[in-house]
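One file, entry.pdb, is given below (PDB, C-alpha atoms and all ligand atoms).
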```pdb
ATOM      1  CA  MET K 233      32.950   5.538  47.146  1.00  0.00           C
ATOM      2  CA  PRO K 234      32.533   8.569  49.373  1.00  0.00           C
ATOM      3  CA  THR K 235      31.437   8.351  52.984  1.00  0.00           C
ATOM      4  CA  ILE K 236      28.198  10.231  53.561  1.00  0.00           C
ATOM      5  CA  THR K 237      27.349  11.374  57.073  1.00  0.00           C
ATOM      6  CA  PRO K 238      24.590  13.538  58.554  1.00  0.00           C
ATOM      7  CA  ILE K 239      25.207  16.838  60.298  1.00  0.00           C
ATOM      8  CA  LEU K 240      22.272  17.697  62.539  1.00  0.00           C
ATOM      9  CA  ALA K 241      20.723  21.161  62.249  1.00  0.00           C
ATOM     10  CA  PHE K 242      17.692  22.828  63.851  1.00  0.00           C
ATOM     11  CA  SER K 243      15.430  20.200  65.440  1.00  0.00           C
ATOM     12  CA  ASP K 244      15.262  17.559  62.720  1.00  0.00           C
ATOM     13  CA  ASN K 245      17.185  18.740  59.625  1.00  0.00           C
ATOM     14  CA  TYR K 246      19.963  16.691  58.080  1.00  0.00           C
ATOM     15  CA  ILE K 247      22.786  18.512  56.311  1.00  0.00           C
ATOM     16  CA  TRP K 248      24.712  15.849  54.346  1.00  0.00           C
ATOM     17  CA  CYS K 249      28.507  15.736  54.335  1.00  0.00           C
ATOM     18  CA  ILE K 250      29.988  13.825  51.381  1.00  0.00           C
ATOM     19  CA  GLU K 251      33.543  12.921  52.322  1.00  0.00           C
ATOM     20  CA  LEU K 252      35.800  12.380  49.323  1.00  0.00           C
ATOM     21  CA  ALA K 253      39.409  11.289  48.924  1.00  0.00           C
ATOM     22  CA  ASN K 254      42.210  13.551  50.227  1.00  0.00           C
ATOM     23  CA  GLN K 255      40.132  14.919  53.132  1.00  0.00           C
ATOM     24  CA  GLN K 256      37.913  16.872  50.753  1.00  0.00           C
ATOM     25  CA  CYS K 257      34.152  17.125  51.112  1.00  0.00           C
ATOM     26  CA  MET K 258      30.932  18.541  49.706  1.00  0.00           C
ATOM     27  CA  ILE K 259      27.999  19.711  51.790  1.00  0.00           C
ATOM     28  CA  VAL K 260      24.329  19.346  50.835  1.00  0.00           C
ATOM     29  CA  ASP K 261      21.686  21.830  52.075  1.00  0.00           C
ATOM     30  CA  PRO K 262      23.493  23.667  54.889  1.00  0.00           C
ATOM     31  CA  GLY K 263      20.594  25.340  56.685  1.00  0.00           C
ATOM     32  CA  GLN K 264      23.016  26.363  59.437  1.00  0.00           C
ATOM     33  CA  ALA K 265      26.725  27.218  59.241  1.00  0.00           C
ATOM     34  CA  THR K 266      27.885  26.511  62.807  1.00  0.00           C
ATOM     35  CA  PRO K 267      27.432  22.715  62.850  1.00  0.00           C
ATOM     36  CA  VAL K 268      29.016  22.457  59.387  1.00  0.00           C
ATOM     37  CA  LEU K 269      32.070  24.539  60.330  1.00  0.00           C
ATOM     38  CA  ARG K 270      32.436  22.475  63.513  1.00  0.00           C
ATOM     39  CA  VAL K 271      32.502  19.196  61.534  1.00  0.00           C
ATOM     40  CA  LEU K 272      34.968  20.595  58.960  1.00  0.00           C
ATOM     41  CA  SER K 273      37.291  21.601  61.770  1.00  0.00           C
ATOM     42  CA  GLU K 274      36.914  18.411  63.852  1.00  0.00           C
ATOM     43  CA  ARG K 275      37.521  16.120  60.886  1.00  0.00           C
ATOM     44  CA  ALA K 276      40.099  18.405  59.186  1.00  0.00           C
ATOM     45  CA  LEU K 277      38.032  18.403  55.992  1.00  0.00           C
ATOM     46  CA  GLU K 278      38.513  20.774  53.082  1.00  0.00           C
ATOM     47  CA  LEU K 279      35.201  21.994  51.689  1.00  0.00           C
ATOM     48  CA  THR K 280      35.099  21.929  47.863  1.00  0.00           C
ATOM     49  CA  ALA K 281      31.439  22.567  46.963  1.00  0.00           C
ATOM     50  CA  ILE K 282      27.940  23.169  48.304  1.00  0.00           C
ATOM     51  CA  LEU K 283      24.880  21.535  46.709  1.00  0.00           C
ATOM     52  CA  ILE K 284      21.406  23.003  47.292  1.00  0.00           C
ATOM     53  CA  THR K 285      18.128  21.168  46.607  1.00  0.00           C
ATOM     54  CA  HIS K 286      15.670  24.075  47.066  1.00  0.00           C
ATOM     55  CA  HIS K 287      15.409  27.598  48.398  1.00  0.00           C
ATOM     56  CA  HIS K 288      13.834  27.029  51.830  1.00  0.00           C
ATOM     57  CA  PHE K 289      15.707  28.740  54.659  1.00  0.00           C
ATOM     58  CA  ASP K 290      16.355  25.522  56.583  1.00  0.00           C
ATOM     59  CA  HIS K 291      18.323  24.277  53.524  1.00  0.00           C
ATOM     60  CA  VAL K 292      20.237  27.445  52.533  1.00  0.00           C
ATOM     61  CA  GLY K 293      20.403  29.562  55.718  1.00  0.00           C
ATOM     62  CA  GLY K 294      24.031  28.665  56.469  1.00  0.00           C
ATOM     63  CA  VAL K 295      25.490  29.192  52.991  1.00  0.00           C
ATOM     64  CA  ALA K 296      26.511  32.866  53.363  1.00  0.00           C
ATOM     65  CA  ASP K 297      28.408  32.254  56.625  1.00  0.00           C
ATOM     66  CA  ILE K 298      30.138  29.164  55.198  1.00  0.00           C
ATOM     67  CA  LEU K 299      31.248  31.231  52.172  1.00  0.00           C
ATOM     68  CA  ARG K 300      32.766  33.801  54.540  1.00  0.00           C
ATOM     69  CA  TYR K 301      34.914  30.952  55.876  1.00  0.00           C
ATOM     70  CA  LYS K 302      35.755  29.561  52.422  1.00  0.00           C
ATOM     71  CA  LYS K 303      34.700  30.590  48.890  1.00  0.00           C
ATOM     72  CA  VAL K 304      33.473  27.458  47.113  1.00  0.00           C
ATOM     73  CA  PRO K 305      31.068  26.887  44.212  1.00  0.00           C
ATOM     74  CA  VAL K 306      27.405  26.776  45.243  1.00  0.00           C
ATOM     75  CA  TYR K 307      25.267  24.587  42.970  1.00  0.00           C
ATOM     76  CA  GLY K 308      21.488  24.809  43.003  1.00  0.00           C
ATOM     77  CA  PRO K 309      18.336  25.777  41.125  1.00  0.00           C
ATOM     78  CA  GLU K 310      18.231  29.284  39.676  1.00  0.00           C
ATOM     79  CA  GLY K 311      15.878  31.984  40.895  1.00  0.00           C
ATOM     80  CA  ASN K 312      15.528  32.197  44.652  1.00  0.00           C
ATOM     81  CA  ILE K 313      18.992  31.576  46.106  1.00  0.00           C
ATOM     82  CA  ASN K 314      21.148  34.708  46.209  1.00  0.00           C
ATOM     83  CA  THR K 315      24.344  32.868  47.204  1.00  0.00           C
ATOM     84  CA  LEU K 316      24.194  30.618  44.118  1.00  0.00           C
ATOM     85  CA  THR K 317      27.247  30.584  41.824  1.00  0.00           C
ATOM     86  CA  HIS K 318      26.519  27.560  39.567  1.00  0.00           C
ATOM     87  CA  PRO K 319      22.867  27.193  38.468  1.00  0.00           C
ATOM     88  CA  VAL K 320      21.695  23.658  37.667  1.00  0.00           C
ATOM     89  CA  SER K 321      18.574  22.376  35.936  1.00  0.00           C
ATOM     90  CA  ASP K 322      16.976  19.103  34.859  1.00  0.00           C
ATOM     91  CA  LYS K 323      19.541  16.667  33.374  1.00  0.00           C
ATOM     92  CA  SER K 324      22.556  18.862  34.296  1.00  0.00           C
ATOM     93  CA  LEU K 325      25.656  16.753  34.887  1.00  0.00           C
ATOM     94  CA  LEU K 326      28.019  17.848  37.638  1.00  0.00           C
ATOM     95  CA  SER K 327      31.430  16.300  37.123  1.00  0.00           C
ATOM     96  CA  PHE K 328      34.195  16.470  39.681  1.00  0.00           C
ATOM     97  CA  PRO K 329      36.895  14.459  37.891  1.00  0.00           C
ATOM     98  CA  THR K 330      39.657  15.019  40.433  1.00  0.00           C
ATOM     99  CA  GLN K 331      37.409  13.586  43.125  1.00  0.00           C
ATOM    100  CA  GLY K 332      36.092  10.855  40.790  1.00  0.00           C
ATOM    101  CA  ILE K 333      32.488  11.785  41.401  1.00  0.00           C
ATOM    102  CA  GLN K 334      29.588  12.817  39.197  1.00  0.00           C
ATOM    103  CA  PHE K 335      26.014  13.858  39.927  1.00  0.00           C
ATOM    104  CA  LYS K 336      23.053  13.913  37.591  1.00  0.00           C
ATOM    105  CA  VAL K 337      20.458  16.575  38.395  1.00  0.00           C
ATOM    106  CA  PHE K 338      16.733  15.910  38.215  1.00  0.00           C
ATOM    107  CA  ALA K 339      14.088  18.637  38.422  1.00  0.00           C
ATOM    108  CA  ILE K 340      11.581  17.406  41.015  1.00  0.00           C
ATOM    109  CA  PRO K 341       9.038  20.239  41.542  1.00  0.00           C
ATOM    110  CA  GLY K 342       6.105  19.888  43.914  1.00  0.00           C
ATOM    111  CA  HIS K 343       7.327  20.851  47.406  1.00  0.00           C
ATOM    112  CA  THR K 344       8.760  23.981  45.757  1.00  0.00           C
ATOM    113  CA  LEU K 345       8.832  24.830  42.061  1.00  0.00           C
ATOM    114  CA  ASP K 346      12.637  25.066  42.027  1.00  0.00           C
ATOM    115  CA  HIS K 347      13.336  21.721  43.729  1.00  0.00           C
ATOM    116  CA  VAL K 348      16.112  19.513  42.302  1.00  0.00           C
ATOM    117  CA  ALA K 349      17.685  16.180  43.278  1.00  0.00           C
ATOM    118  CA  TYR K 350      21.314  15.125  42.899  1.00  0.00           C
ATOM    119  CA  TYR K 351      21.925  11.492  41.932  1.00  0.00           C
ATOM    120  CA  GLY K 352      25.382   9.939  42.050  1.00  0.00           C
ATOM    121  CA  CYS K 353      27.478   7.174  43.644  1.00  0.00           C
ATOM    122  CA  GLY K 354      24.350   5.162  44.417  1.00  0.00           C
ATOM    123  CA  ALA K 355      22.782   7.960  46.431  1.00  0.00           C
ATOM    124  CA  VAL K 356      20.125  10.568  45.743  1.00  0.00           C
ATOM    125  CA  PHE K 357      19.894  13.821  47.683  1.00  0.00           C
ATOM    126  CA  CYS K 358      16.225  14.670  47.364  1.00  0.00           C
ATOM    127  CA  GLY K 359      15.701  17.426  49.967  1.00  0.00           C
ATOM    128  CA  ASP K 360      12.049  17.729  50.967  1.00  0.00           C
ATOM    129  CA  THR K 361      10.388  15.981  48.008  1.00  0.00           C
ATOM    130  CA  LEU K 362      10.700  12.297  48.900  1.00  0.00           C
ATOM    131  CA  PHE K 363      11.082  11.560  52.609  1.00  0.00           C
ATOM    132  CA  THR K 364      11.823   8.212  54.149  1.00  0.00           C
ATOM    133  CA  ALA K 365       8.330   6.669  54.404  1.00  0.00           C
ATOM    134  CA  GLY K 366       6.677   9.919  53.294  1.00  0.00           C
ATOM    135  CA  CYS K 367       6.804  12.941  51.022  1.00  0.00           C
ATOM    136  CA  GLY K 368       7.050  16.702  51.397  1.00  0.00           C
ATOM    137  CA  LYS K 369       4.138  19.100  51.609  1.00  0.00           C
ATOM    138  CA  ILE K 370       3.044  20.576  48.289  1.00  0.00           C
ATOM    139  CA  PHE K 371       3.777  24.279  48.917  1.00  0.00           C
ATOM    140  CA  GLU K 372       4.370  25.704  45.437  1.00  0.00           C
ATOM    141  CA  GLY K 373       3.744  22.978  42.867  1.00  0.00           C
ATOM    142  CA  THR K 374       0.720  20.944  41.884  1.00  0.00           C
ATOM    143  CA  PRO K 375      -0.177  17.390  42.943  1.00  0.00           C
ATOM    144  CA  LYS K 376       0.545  16.320  39.363  1.00  0.00           C
ATOM    145  CA  GLN K 377       4.056  17.781  39.556  1.00  0.00           C
ATOM    146  CA  MET K 378       4.658  16.043  42.893  1.00  0.00           C
ATOM    147  CA  TYR K 379       3.424  12.742  41.467  1.00  0.00           C
ATOM    148  CA  GLN K 380       5.720  13.073  38.447  1.00  0.00           C
ATOM    149  CA  SER K 381       8.673  14.012  40.662  1.00  0.00           C
ATOM    150  CA  LEU K 382       8.118  11.011  42.950  1.00  0.00           C
ATOM    151  CA  THR K 383       7.825   8.827  39.839  1.00  0.00           C
ATOM    152  CA  THR K 384      11.151  10.200  38.552  1.00  0.00           C
ATOM    153  CA  LEU K 385      12.824   9.256  41.838  1.00  0.00           C
ATOM    154  CA  ALA K 386      11.097   5.849  41.909  1.00  0.00           C
ATOM    155  CA  GLU K 387      12.619   5.045  38.512  1.00  0.00           C
ATOM    156  CA  LEU K 388      16.163   5.136  39.937  1.00  0.00           C
ATOM    157  CA  PRO K 389      17.794   1.754  40.668  1.00  0.00           C
ATOM    158  CA  ASP K 390      16.192  -0.108  43.593  1.00  0.00           C
ATOM    159  CA  ASP K 391      19.364  -0.053  45.671  1.00  0.00           C
ATOM    160  CA  THR K 392      19.649   3.764  45.494  1.00  0.00           C
ATOM    161  CA  LEU K 393      20.039   5.247  48.963  1.00  0.00           C
ATOM    162  CA  ILE K 394      17.552   8.017  49.739  1.00  0.00           C
ATOM    163  CA  TYR K 395      19.153  10.956  51.558  1.00  0.00           C
ATOM    164  CA  CYS K 396      16.335  13.333  52.461  1.00  0.00           C
ATOM    165  CA  GLY K 397      16.397  16.578  54.413  1.00  0.00           C
ATOM    166  CA  HIS K 398      14.629  15.660  57.664  1.00  0.00           C
ATOM    167  CA  GLU K 399      14.302  12.893  60.261  1.00  0.00           C
ATOM    168  CA  TYR K 400      10.577  12.217  59.853  1.00  0.00           C
ATOM    169  CA  THR K 401      10.529   8.420  59.462  1.00  0.00           C
ATOM    170  CA  GLU K 402       8.839   7.484  62.733  1.00  0.00           C
ATOM    171  CA  ASN K 403       5.878   9.806  62.268  1.00  0.00           C
ATOM    172  CA  ASN K 404       5.651   8.968  58.571  1.00  0.00           C
ATOM    173  CA  LEU K 405       5.407   5.258  59.398  1.00  0.00           C
ATOM    174  CA  LYS K 406       2.539   5.929  61.837  1.00  0.00           C
ATOM    175  CA  PHE K 407       0.676   7.369  58.883  1.00  0.00           C
ATOM    176  CA  ALA K 408       1.815   4.564  56.542  1.00  0.00           C
ATOM    177  CA  THR K 409       0.448   1.881  58.871  1.00  0.00           C
ATOM    178  CA  THR K 410      -2.853   3.766  59.143  1.00  0.00           C
ATOM    179  CA  VAL K 411      -3.138   3.657  55.352  1.00  0.00           C
ATOM    180  CA  GLU K 412      -1.977   0.020  55.110  1.00  0.00           C
ATOM    181  CA  PRO K 413      -2.465  -1.681  58.511  1.00  0.00           C
ATOM    182  CA  ASN K 414      -1.814  -5.154  57.051  1.00  0.00           C
ATOM    183  CA  ASN K 415       1.434  -4.384  55.253  1.00  0.00           C
ATOM    184  CA  PRO K 416       4.108  -6.571  56.956  1.00  0.00           C
ATOM    185  CA  ASP K 417       6.989  -4.542  55.518  1.00  0.00           C
ATOM    186  CA  ILE K 418       5.648  -1.422  57.261  1.00  0.00           C
ATOM    187  CA  CYS K 419       5.335  -3.341  60.554  1.00  0.00           C
ATOM    188  CA  SER K 420       8.932  -4.530  60.462  1.00  0.00           C
ATOM    189  CA  ARG K 421      10.178  -1.088  59.390  1.00  0.00           C
ATOM    190  CA  ILE K 422       8.397   0.452  62.397  1.00  0.00           C
ATOM    191  CA  GLN K 423      10.287  -1.912  64.725  1.00  0.00           C
ATOM    192  CA  ASP K 424      13.603  -1.203  63.051  1.00  0.00           C
ATOM    193  CA  THR K 425      12.958   2.562  63.130  1.00  0.00           C
ATOM    194  CA  GLN K 426      11.998   2.548  66.819  1.00  0.00           C
ATOM    195  CA  GLN K 427      15.200   0.684  67.698  1.00  0.00           C
ATOM    196  CA  LYS K 428      17.320   3.182  65.797  1.00  0.00           C
ATOM    197  CA  ARG K 429      15.596   6.218  67.296  1.00  0.00           C
ATOM    198  CA  GLN K 430      15.825   4.813  70.830  1.00  0.00           C
ATOM    199  CA  SER K 431      19.587   4.706  70.404  1.00  0.00           C
ATOM    200  CA  ASN K 432      19.584   8.138  68.726  1.00  0.00           C
ATOM    201  CA  GLN K 433      20.670   6.805  65.330  1.00  0.00           C
ATOM    202  CA  PRO K 434      19.457   8.364  62.076  1.00  0.00           C
ATOM    203  CA  THR K 435      16.898   6.369  60.080  1.00  0.00           C
ATOM    204  CA  VAL K 436      18.116   8.054  56.892  1.00  0.00           C
ATOM    205  CA  PRO K 437      19.250   6.866  54.384  1.00  0.00           C
ATOM    206  CA  ALA K 438      16.913   4.057  53.307  1.00  0.00           C
ATOM    207  CA  THR K 439      16.941   2.101  50.062  1.00  0.00           C
ATOM    208  CA  LEU K 440      14.492   2.926  47.303  1.00  0.00           C
ATOM    209  CA  SER K 441      13.329  -0.706  47.348  1.00  0.00           C
ATOM    210  CA  LEU K 442      12.268  -0.343  51.008  1.00  0.00           C
ATOM    211  CA  GLU K 443      10.501   2.920  50.141  1.00  0.00           C
ATOM    212  CA  LYS K 444       8.585   1.222  47.338  1.00  0.00           C
ATOM    213  CA  LYS K 445       7.343  -1.423  49.804  1.00  0.00           C
ATOM    214  CA  THR K 446       6.450   0.905  52.682  1.00  0.00           C
ATOM    215  CA  ASN K 447       5.995   4.519  51.539  1.00  0.00           C
ATOM    216  CA  PRO K 448       2.314   5.170  50.732  1.00  0.00           C
ATOM    217  CA  PHE K 449       3.226   8.119  48.488  1.00  0.00           C
ATOM    218  CA  LEU K 450       5.165   5.747  46.195  1.00  0.00           C
ATOM    219  CA  ARG K 451       2.287   3.244  46.272  1.00  0.00           C
ATOM    220  CA  CYS K 452      -0.539   5.291  44.711  1.00  0.00           C
ATOM    221  CA  GLN K 453      -1.238   2.489  42.225  1.00  0.00           C
ATOM    222  CA  GLN K 454      -1.505  -0.292  44.848  1.00  0.00           C
ATOM    223  CA  ALA K 455      -5.052  -1.571  45.409  1.00  0.00           C
ATOM    224  CA  THR K 456      -4.789  -1.357  49.224  1.00  0.00           C
ATOM    225  CA  VAL K 457      -3.624   2.271  49.095  1.00  0.00           C
ATOM    226  CA  ILE K 458      -6.251   3.286  46.507  1.00  0.00           C
ATOM    227  CA  GLN K 459      -8.945   1.654  48.642  1.00  0.00           C
ATOM    228  CA  ALA K 460      -7.797   3.450  51.815  1.00  0.00           C
ATOM    229  CA  ALA K 461      -7.614   6.816  49.989  1.00  0.00           C
ATOM    230  CA  CYS K 462     -11.117   6.332  48.516  1.00  0.00           C
ATOM    231  CA  HIS K 463     -12.439   5.510  51.975  1.00  0.00           C
ATOM    232  CA  TYR K 464     -10.862   8.690  53.410  1.00  0.00           C
ATOM    233  CA  ALA K 465     -12.104  10.858  50.498  1.00  0.00           C
ATOM    234  CA  GLU K 466     -15.552   9.169  50.577  1.00  0.00           C
ATOM    235  CA  ARG K 467     -15.538   8.973  46.783  1.00  0.00           C
ATOM    236  CA  GLU K 468     -14.025   7.052  43.899  1.00  0.00           C
ATOM    237  CA  LEU K 469     -10.523   8.153  42.912  1.00  0.00           C
ATOM    238  CA  ASN K 470      -9.760   7.343  39.312  1.00  0.00           C
ATOM    239  CA  ASN K 471      -6.103   8.201  38.916  1.00  0.00           C
ATOM    240  CA  PRO K 472      -2.872   8.081  40.965  1.00  0.00           C
ATOM    241  CA  VAL K 473      -2.587  11.895  41.128  1.00  0.00           C
ATOM    242  CA  ASP K 474      -5.929  12.083  42.964  1.00  0.00           C
ATOM    243  CA  VAL K 475      -4.784   9.262  45.244  1.00  0.00           C
ATOM    244  CA  LEU K 476      -1.576  11.171  46.011  1.00  0.00           C
ATOM    245  CA  LEU K 477      -3.473  14.411  46.680  1.00  0.00           C
ATOM    246  CA  THR K 478      -5.859  12.589  49.011  1.00  0.00           C
ATOM    247  CA  LEU K 479      -2.981  10.939  50.897  1.00  0.00           C
ATOM    248  CA  ARG K 480      -1.259  14.329  51.216  1.00  0.00           C
ATOM    249  CA  GLU K 481      -4.418  15.994  52.590  1.00  0.00           C
ATOM    250  CA  TRP K 482      -4.965  13.042  54.930  1.00  0.00           C
ATOM    251  CA  LYS K 483      -1.371  13.280  56.188  1.00  0.00           C
ATOM    252  CA  ASN K 484      -1.693  17.082  56.656  1.00  0.00           C
ATOM    253  CA  ASN K 485      -4.569  16.386  59.077  1.00  0.00           C
ATOM    254  CA  PHE K 486      -2.853  13.406  60.727  1.00  0.00           C
ATOM    255  CA  ILE K 487      -1.476  13.899  64.219  1.00  0.00           C
TER     256      ILE K 487
HETATM  257 ZN    ZN V   1      11.550  22.606  52.180  1.00  0.00          ZN
END
```
The structure given in the file should be rewritten as structure tokens.
Ligand SMILES: [Zn+2]
Amino acid sequence: MPTITPILAFSDNYIWCIELANQQCMIVDPGQATPVLRVLSERALELTAILITHHHFDHVGGVADILRYKKVPVYGPEGNINTLTHPVSDKSLLSFPTQGIQFKVFAIPGHTLDHVAYYGCGAVFCGDTLFTAGCGKIFEGTPKQMYQSLTTLAELPDDTLIYCGHEYTENNLKFATTVEPNNPDICSRIQDTQQKRQSNQPTVPATLSLEKKTNPFLRCQQATVIQAACHYAERELNNPVDVLLTLREWKNNFI
């Protein structure tokens, strides 16, 4: 099993470093080159591939400078990423037999139309679609697409580790407890998250099972969440897509 560690970028981005056997590694969503090149040098790692989840600058901004240092394959969705060498799409299988690792690609549009996730070795790299205790803003897709994408991710095994692109857990849990003030799993996750942040530890990854218990955006069919969303919208909401859209609008206005 590879070791997966975060490389901090900008104010709250996580670039993921997947360390394989023989000092080799892959990098997910390098928004900046400098912190990546520093880690490669400090740990004497040989970069073998770059994986991209979507075209936003804070996920691809470092690719060109990393390629100047070493030419490696760049996997990602086709269309908006000019440094891409290996386009992927829904159900693509990325096999790296010499490293004993394989990723299955899922199309998960909603935050952007080109968004993909990489699932392998018990982990999913899901960029800005599913966040720990939250979900991404719907910039390019529709609420229905976002709902379907979150459902796709929720169907992975419960012990899957969620590696998202930002450290947003603390703020997301403030919103989650506003939606479900009596959810004990959210209360204990808030305590755990505060302890980690006070000692400057990442709160990512988290298991999918914890997300299903505490992330309102994965709980659009729970009575408590539906009730809270209806109360916010001041009308009946008859399907989970409308519940998701209402939660997203509510979160957009949440401080
Ligand atoms: Zn993004």
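When the PyMOL selection byres (((chain K and resi 237) around 8) and not hetatm) is evaluated against the file, it yields K:Thr235, K:Ile236, K:Pro238, K:Ile239, K:Trp248, K:Cys249, K:Ile250, K:Glu251.
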Given the file shown, enumerate the residues that the PyMOL selection byres (((not hetatm)) within 10 of (chain V and resi 1)) captures and present them as a count of residues only. 20
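Residue neighbourhood of Phe328 of chain K, excluding near-sequence residues (fewer than 4 positions): Leu252, Ala253, Gln256, Cys257, Met258, Thr280, Ala281, Pro305, Gly332, Ile333, Gln334, Phe335, Lys336 and Gly352 of chain K, at 12 Å, using all atoms listed in the file.
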Taking 6 positions as the minimum chain separation for residues in the same chain, which residues sit within 10 Å of segment 456-468 of chain K when counting all atoms listed in the file? Answer as a list in words. Ala408, Thr410, Val411, Glu412, Pro413, Asn414, Asn415, Pro448, Phe449, Leu450, Asp474, Val475, Leu476, Leu477, Thr478, Leu479, Arg480, Glu481 and Trp482 of chain K
Picked residues, the PyMOL selection byres (((chain K and resi 317) around 9) and not hetatm), expected as a PyMOL selection string: chain K and resi 304-308+314-316+318-319
Measuring atom to atom with all atoms listed in the file, identify which of K:Ala386, K:Ala455, K:Ala241, K:Val337 is nearest to Pro472 of chain K. K:Ala455
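Closest approach to Glu278 of chain K among K:Tyr301, K:Phe363, K:Tyr395, K:Phe407 is made by K:Tyr301 (distances from all atoms listed in the file).
Shortest atom-to-atom contact with Gln377 of chain K among K:Ser321, K:Gly294, K:Val473, K:Lys428: K:Val473, counting only C-alpha atoms.
Of the residues listed (K:Asp424, K:Ile298, K:Gly366, K:Gly293), K:Ile298 shows the shortest atom-to-atom separation from Arg270 of chain K; distances use only C-alpha atoms.
The interatomic distance for the pair atom CA of Ser243 of chain K and atom CA of Cys367 of chain K works out to 18.3 Å.
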Between atom CA of Leu393 of chain K and atom CA of Gly263 of chain K, distance in Å (one decimal): 21.5 Å
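Across the model, the gap from atom CA of Val436 of chain K to atom CA of Leu326 of chain K is 23.8 Å.
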Could you give me, as a CSV table (one decimal) with C-alpha atoms, in the coordinates of the input, the residues within 9 Å of Leu442 of chain K, counting only C-alpha atoms and dropping anything in the same chain fewer than 4 positions from it?
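Written output follows (part_28.csv):
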```
chain,number,residue,atom,x,y,z
K,365,ALA,CA,8.3,6.7,54.4
K,390,ASP,CA,16.2,-0.1,43.6
K,391,ASP,CA,19.4,-0.1,45.7
K,417,ASP,CA,7.0,-4.5,55.5
K,421,ARG,CA,10.2,-1.1,59.4
K,438,ALA,CA,16.9,4.1,53.3
K,446,THR,CA,6.4,0.9,52.7
K,447,ASN,CA,6.0,4.5,51.5
```
Residues at most 7 Å from segment 381-385 of chain K, counting only C-alpha atoms, excluding those fewer than 3 positions away in the same chain, as a PyMOL selection string? chain K and resi 340-341+362+377-378+388+450
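Taking only C-alpha atoms into account, Asp261 of chain K lies nearest to K:Cys358 out of the set K:Cys358, K:Ile422, K:Leu299, K:Ala276.
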